[in-house]
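> Sharing a structure, written as structure tokens. Questions coming.
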Protein chains: 2
Amino acid sequence: MSAHKRFRQGQILKLVAGQPVANQDELRRRLVHLGMRVTQATLSRDLRELRLVKTSEGYQPLRAAAAVKPPVVEETAPQHSLARALKEFLLDFRPAQNMLVLKTPPGGAQPIAAAVDAEHWKEVAGTLAGDDTILIIATSSRARAAIQKRMEDLLR
Amino acid sequence: MSAHKRFRQGQILKLVAGQPVANQDELRRRLVHLGMRVTQATLSRDLRELRLVKTSEGYQPLRAAAAVKPPVVEETAPQHSLARALKEFLLDFRPAQNMLVLKTPPGGAQPIAAAVDAEHWKEVAGTLAGDDTILIIATSSRARAAIQKRMEDLLR
DNA sequence: CCTGTTGCTGTATGATTATTCAAGTGAGTG
DNA sequence: CACTCACTTGAATAATCATACAGCAACAGG
């Protein structure tokens, strides 16, 4: 699956989750506004791959967003779940003002993000994880530094 | 609703619950075998009334939630889409410099992000949404405060 | 018995979606 | 490089679905 196609399908999910989209041509026009120019034929294929079905209230996922939702990570960790996740997956670490960008091997982002969330650190405003990158948003640069230090300690 | 029509719709439900039915014409042919002769146009109407949607595996009922949806008779003033999305999904709210991190239940992030995008607020540089977290990036901390205020107002 | 109203349906046709075919692209291989 | 293979896409077209309109039946009120 090309990055281009993956991105387009992500935009489609976002669009149909918001205002109802009446048909594929309307969807096509909305994508044009986002700078993506594809034909109705491609959208027909995308919608089938995304398992979106047409209803009188727009396109909807057939069975509870199963195809949309990222895999849920089991929370079996007894104690230092984050420490283990970091040791297992963390490749790189980049501070950026009040943010921290973490790199992992493919598939490693969700486990680390889940572990960070589970810590409920007050300095963490939130996390966003894709496949191999995690963005941790701290409440301030100072808070980011504190988080960073704590994670470095966990890696020892 | 005539008894005739009610009976036919009952047969339709039974048919589609069994073997998958590819399209309305196939459904029409199966009804002929049961002694009911109607046209494709009537089936189009029946399927909509029964809230069956077409999938690659035949016609299926849409999940219960959608079936309970209020009848579209009333055409009331559409409440602000963002306001609706926020009231329905928003769990938490965290400012972080020029960013705003929103938390939702699983699956709630995309609808809110879409609604925020639709506002086209000039203070919003962009949004990023995962499954239960949205990151709104504002053009400045001041802009973030303005956005935050506006969203808080919408929640009233 | 009229007359108006409502619900259901078929016909014809317009609107929407799916598919066929060919071309382009990029990864992997010898 | 030359080749193959898998994947993606657009154009054209086929297939499918939705709807405007009109007819008909049932029914209610006068």
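Chain labels run A, B, ... following the order of the structure tokens; each chain numbers its residues from 1, and ligands are numbered from 1 in the order shown.
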Can you give me the C-alpha RMSD, to one decimal in Å, for chain B fitted onto chain A with all Cα atoms paired in order?
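My reading of the C-alpha RMSD is 13.5 Å.
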> Kindly determine which residues of chain C lie within 12 Å of chain A, considering only C-alpha atoms (C1' of nucleotides), and give the answer as a ChimeraX atom specification.
/C:15-20,25-26
> Taking only C-alpha atoms (C1' of nucleotides) into account, name the residue in C:DC8, C:DT29, C:DT3, C:DG24 that is nearest to DT8 in chain D.
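So, comparing all the options, the nearest one is C:DG24.
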> Using only C-alpha atoms and a distance of at most 6 Å, pull out the residues of chain A that contact chain B, as a ChimeraX atom specification.
/A:14,17-18,125-126,139
> Please produce an output containing C-alpha atoms for each residue in the selection, written as a short mmCIF file (atom, residue, chain, number, x, y, z; two decimals), in the first residue's frame.

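Written out: again09.cif:
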data_model
loop_
_atom_site.label_atom_id
_atom_site.label_comp_id
_atom_site.auth_asym_id
_atom_site.auth_seq_id
_atom_site.Cartn_x
_atom_site.Cartn_y
_atom_site.Cartn_z
CA LYS A 14 -11.90 11.67 8.65
CA ALA A 17 -16.71 10.69 10.31
CA GLY A 18 -17.67 14.34 10.26
CA ALA A 125 -0.92 16.73 27.77
CA GLY A 126 -1.38 13.80 25.41
CA THR A 139 2.43 21.07 28.93
#
> Write out as a ChimeraX atom specification all residues of chain B that backbone DSSP assigns to strand (DSSP E or B).
/B:52-55,58-61,92-96,99-103,124-129,133-138
> Keeping only C-alpha atoms, write those residues as a PDB file, in the first residue's frame.

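What follows is the written file again17.pdb:
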ATOM      1  CA  LEU B  52     -30.577  -2.704   5.219  1.00  0.00           C
ATOM      2  CA  VAL B  53     -27.332  -1.615   3.631  1.00  0.00           C
ATOM      3  CA  LYS B  54     -25.476  -3.225   0.791  1.00  0.00           C
ATOM      4  CA  THR B  55     -22.121  -4.746   1.621  1.00  0.00           C
ATOM      5  CA  GLY B  58     -24.910  -9.055   0.884  1.00  0.00           C
ATOM      6  CA  TYR B  59     -27.425  -6.803   2.552  1.00  0.00           C
ATOM      7  CA  GLN B  60     -27.019  -6.315   6.266  1.00  0.00           C
ATOM      8  CA  PRO B  61     -28.773  -4.429   9.000  1.00  0.00           C
ATOM      9  CA  ASP B  92     -10.768  16.274  28.534  1.00  0.00           C
ATOM     10  CA  PHE B  93      -9.023  19.362  27.462  1.00  0.00           C
ATOM     11  CA  ARG B  94      -5.374  20.196  27.939  1.00  0.00           C
ATOM     12  CA  PRO B  95      -3.622  23.329  26.811  1.00  0.00           C
ATOM     13  CA  ALA B  96       0.061  23.056  26.037  1.00  0.00           C
ATOM     14  CA  MET B  99      -1.326  23.350  21.266  1.00  0.00           C
ATOM     15  CA  LEU B 100      -4.527  21.917  22.580  1.00  0.00           C
ATOM     16  CA  VAL B 101      -4.826  18.234  23.355  1.00  0.00           C
ATOM     17  CA  LEU B 102      -8.329  16.805  23.449  1.00  0.00           C
ATOM     18  CA  LYS B 103      -9.216  13.409  24.835  1.00  0.00           C
ATOM     19  CA  VAL B 124      -5.826  26.672  13.692  1.00  0.00           C
ATOM     20  CA  ALA B 125      -2.672  25.664  11.871  1.00  0.00           C
ATOM     21  CA  GLY B 126      -3.813  22.071  11.713  1.00  0.00           C
ATOM     22  CA  THR B 127      -5.195  19.072  13.526  1.00  0.00           C
ATOM     23  CA  LEU B 128      -3.960  15.550  14.086  1.00  0.00           C
ATOM     24  CA  ALA B 129      -6.256  12.847  15.331  1.00  0.00           C
ATOM     25  CA  THR B 133      -6.633  11.881  21.105  1.00  0.00           C
ATOM     26  CA  ILE B 134      -6.697  15.021  19.017  1.00  0.00           C
ATOM     27  CA  LEU B 135      -3.894  17.510  18.703  1.00  0.00           C
ATOM     28  CA  ILE B 136      -4.888  20.961  17.572  1.00  0.00           C
ATOM     29  CA  ILE B 137      -1.964  23.102  16.607  1.00  0.00           C
ATOM     30  CA  ALA B 138      -2.612  26.821  16.860  1.00  0.00           C
TER      31      ALA B 138
END
> Taking only C-alpha atoms (C1' of nucleotides) into account, report as number ranges by chain which residues of chain D lie within 10 Å of chain A.
D: 7-11
> May I have the residues within 7 Å of Leu155 in chain A as a list in words, using only C-alpha atoms (C1' of nucleotides) and disregarding those fewer than 4 positions away in the same chain?
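Neighbouring residues, sequence-local ones excluded: Ala83, Leu86, Lys87 and Met151 of chain A.
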> If DSSP is run on the backbone, what residues of chain B are alpha helix (DSSP H)? A reply as a ChimeraX atom specification would be ideal.
/B:3-17,24-33,40-49,64-67,81-89,109-119,141-154
> With C-alpha atoms retained, could you export that selection as a PDB file, in the first residue's frame?

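Resulting contents of selection-v4.pdb:
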ATOM      1  CA  ALA B   3     -50.400  -6.678   5.189  1.00  0.00           C
ATOM      2  CA  HIS B   4     -49.066  -7.541   1.800  1.00  0.00           C
ATOM      3  CA  LYS B   5     -46.189  -5.156   2.103  1.00  0.00           C
ATOM      4  CA  ARG B   6     -45.460  -6.139   5.683  1.00  0.00           C
ATOM      5  CA  PHE B   7     -45.306  -9.797   4.708  1.00  0.00           C
ATOM      6  CA  ARG B   8     -42.975  -9.073   1.813  1.00  0.00           C
ATOM      7  CA  GLN B   9     -40.597  -7.122   4.018  1.00  0.00           C
ATOM      8  CA  GLY B  10     -40.579  -9.990   6.483  1.00  0.00           C
ATOM      9  CA  GLN B  11     -39.584 -12.367   3.691  1.00  0.00           C
ATOM     10  CA  ILE B  12     -36.850  -9.989   2.649  1.00  0.00           C
ATOM     11  CA  LEU B  13     -35.391  -9.967   6.144  1.00  0.00           C
ATOM     12  CA  LYS B  14     -35.413 -13.741   6.198  1.00  0.00           C
ATOM     13  CA  LEU B  15     -33.808 -14.021   2.804  1.00  0.00           C
ATOM     14  CA  VAL B  16     -30.946 -11.631   3.427  1.00  0.00           C
ATOM     15  CA  ALA B  17     -30.263 -13.173   6.837  1.00  0.00           C
ATOM     16  CA  GLN B  24     -31.852  -6.013  -5.811  1.00  0.00           C
ATOM     17  CA  ASP B  25     -32.490  -7.985  -8.943  1.00  0.00           C
ATOM     18  CA  GLU B  26     -31.331 -11.189  -7.303  1.00  0.00           C
ATOM     19  CA  LEU B  27     -33.593 -10.389  -4.388  1.00  0.00           C
ATOM     20  CA  ARG B  28     -36.441  -9.867  -6.810  1.00  0.00           C
ATOM     21  CA  ARG B  29     -35.822 -13.288  -8.388  1.00  0.00           C
ATOM     22  CA  ARG B  30     -35.800 -14.992  -5.007  1.00  0.00           C
ATOM     23  CA  LEU B  31     -39.077 -13.385  -4.090  1.00  0.00           C
ATOM     24  CA  VAL B  32     -40.554 -14.682  -7.339  1.00  0.00           C
ATOM     25  CA  HIS B  33     -39.728 -18.180  -6.124  1.00  0.00           C
ATOM     26  CA  GLN B  40     -36.695  -3.502  -8.398  1.00  0.00           C
ATOM     27  CA  ALA B  41     -38.088  -0.077  -7.583  1.00  0.00           C
ATOM     28  CA  THR B  42     -40.236  -1.489  -4.815  1.00  0.00           C
ATOM     29  CA  LEU B  43     -37.289  -3.384  -3.385  1.00  0.00           C
ATOM     30  CA  SER B  44     -35.226  -0.227  -3.362  1.00  0.00           C
ATOM     31  CA  ARG B  45     -37.929   1.316  -1.186  1.00  0.00           C
ATOM     32  CA  ASP B  46     -38.256  -1.746   1.027  1.00  0.00           C
ATOM     33  CA  LEU B  47     -34.550  -1.973   1.704  1.00  0.00           C
ATOM     34  CA  ARG B  48     -34.409   1.632   2.756  1.00  0.00           C
ATOM     35  CA  GLU B  49     -37.388   1.217   5.072  1.00  0.00           C
ATOM     36  CA  ALA B  64     -28.703  -0.876  16.254  1.00  0.00           C
ATOM     37  CA  ALA B  65     -27.621   2.654  17.042  1.00  0.00           C
ATOM     38  CA  ALA B  66     -28.235   3.863  13.539  1.00  0.00           C
ATOM     39  CA  ALA B  67     -31.564   2.095  13.289  1.00  0.00           C
ATOM     40  CA  SER B  81     -21.698  20.431  14.162  1.00  0.00           C
ATOM     41  CA  LEU B  82     -18.668  21.121  16.309  1.00  0.00           C
ATOM     42  CA  ALA B  83     -20.840  21.806  19.318  1.00  0.00           C
ATOM     43  CA  ARG B  84     -22.590  18.504  18.814  1.00  0.00           C
ATOM     44  CA  ALA B  85     -19.337  16.623  18.387  1.00  0.00           C
ATOM     45  CA  LEU B  86     -17.842  18.179  21.490  1.00  0.00           C
ATOM     46  CA  LYS B  87     -20.868  17.505  23.631  1.00  0.00           C
ATOM     47  CA  GLU B  88     -20.962  13.944  22.480  1.00  0.00           C
ATOM     48  CA  PHE B  89     -17.307  13.009  22.666  1.00  0.00           C
ATOM     49  CA  ALA B 109     -11.172  11.673  17.858  1.00  0.00           C
ATOM     50  CA  GLN B 110     -11.863  11.702  14.131  1.00  0.00           C
ATOM     51  CA  PRO B 111     -15.346  13.230  14.322  1.00  0.00           C
ATOM     52  CA  ILE B 112     -14.152  16.090  16.485  1.00  0.00           C
ATOM     53  CA  ALA B 113     -11.120  16.713  14.336  1.00  0.00           C
ATOM     54  CA  ALA B 114     -13.290  16.774  11.249  1.00  0.00           C
ATOM     55  CA  ALA B 115     -15.645  19.277  12.851  1.00  0.00           C
ATOM     56  CA  VAL B 116     -12.768  21.491  13.930  1.00  0.00           C
ATOM     57  CA  ASP B 117     -11.355  21.387  10.424  1.00  0.00           C
ATOM     58  CA  ALA B 118     -14.727  22.355   9.031  1.00  0.00           C
ATOM     59  CA  GLU B 119     -14.723  25.541  11.078  1.00  0.00           C
ATOM     60  CA  SER B 141      -0.245  30.519  22.363  1.00  0.00           C
ATOM     61  CA  ARG B 142      -2.587  33.463  22.161  1.00  0.00           C
ATOM     62  CA  ALA B 143      -4.429  31.839  19.284  1.00  0.00           C
ATOM     63  CA  ARG B 144      -4.643  28.640  21.292  1.00  0.00           C
ATOM     64  CA  ALA B 145      -6.284  30.513  24.146  1.00  0.00           C
ATOM     65  CA  ALA B 146      -8.831  31.981  21.763  1.00  0.00           C
ATOM     66  CA  ILE B 147      -9.677  28.587  20.341  1.00  0.00           C
ATOM     67  CA  GLN B 148      -9.961  27.125  23.781  1.00  0.00           C
ATOM     68  CA  LYS B 149     -12.350  29.825  24.879  1.00  0.00           C
ATOM     69  CA  ARG B 150     -14.482  29.381  21.834  1.00  0.00           C
ATOM     70  CA  MET B 151     -14.752  25.645  22.420  1.00  0.00           C
ATOM     71  CA  GLU B 152     -15.610  26.130  26.047  1.00  0.00           C
ATOM     72  CA  ASP B 153     -18.407  28.445  24.992  1.00  0.00           C
ATOM     73  CA  LEU B 154     -19.725  25.822  22.608  1.00  0.00           C
TER      74      LEU B 154
END
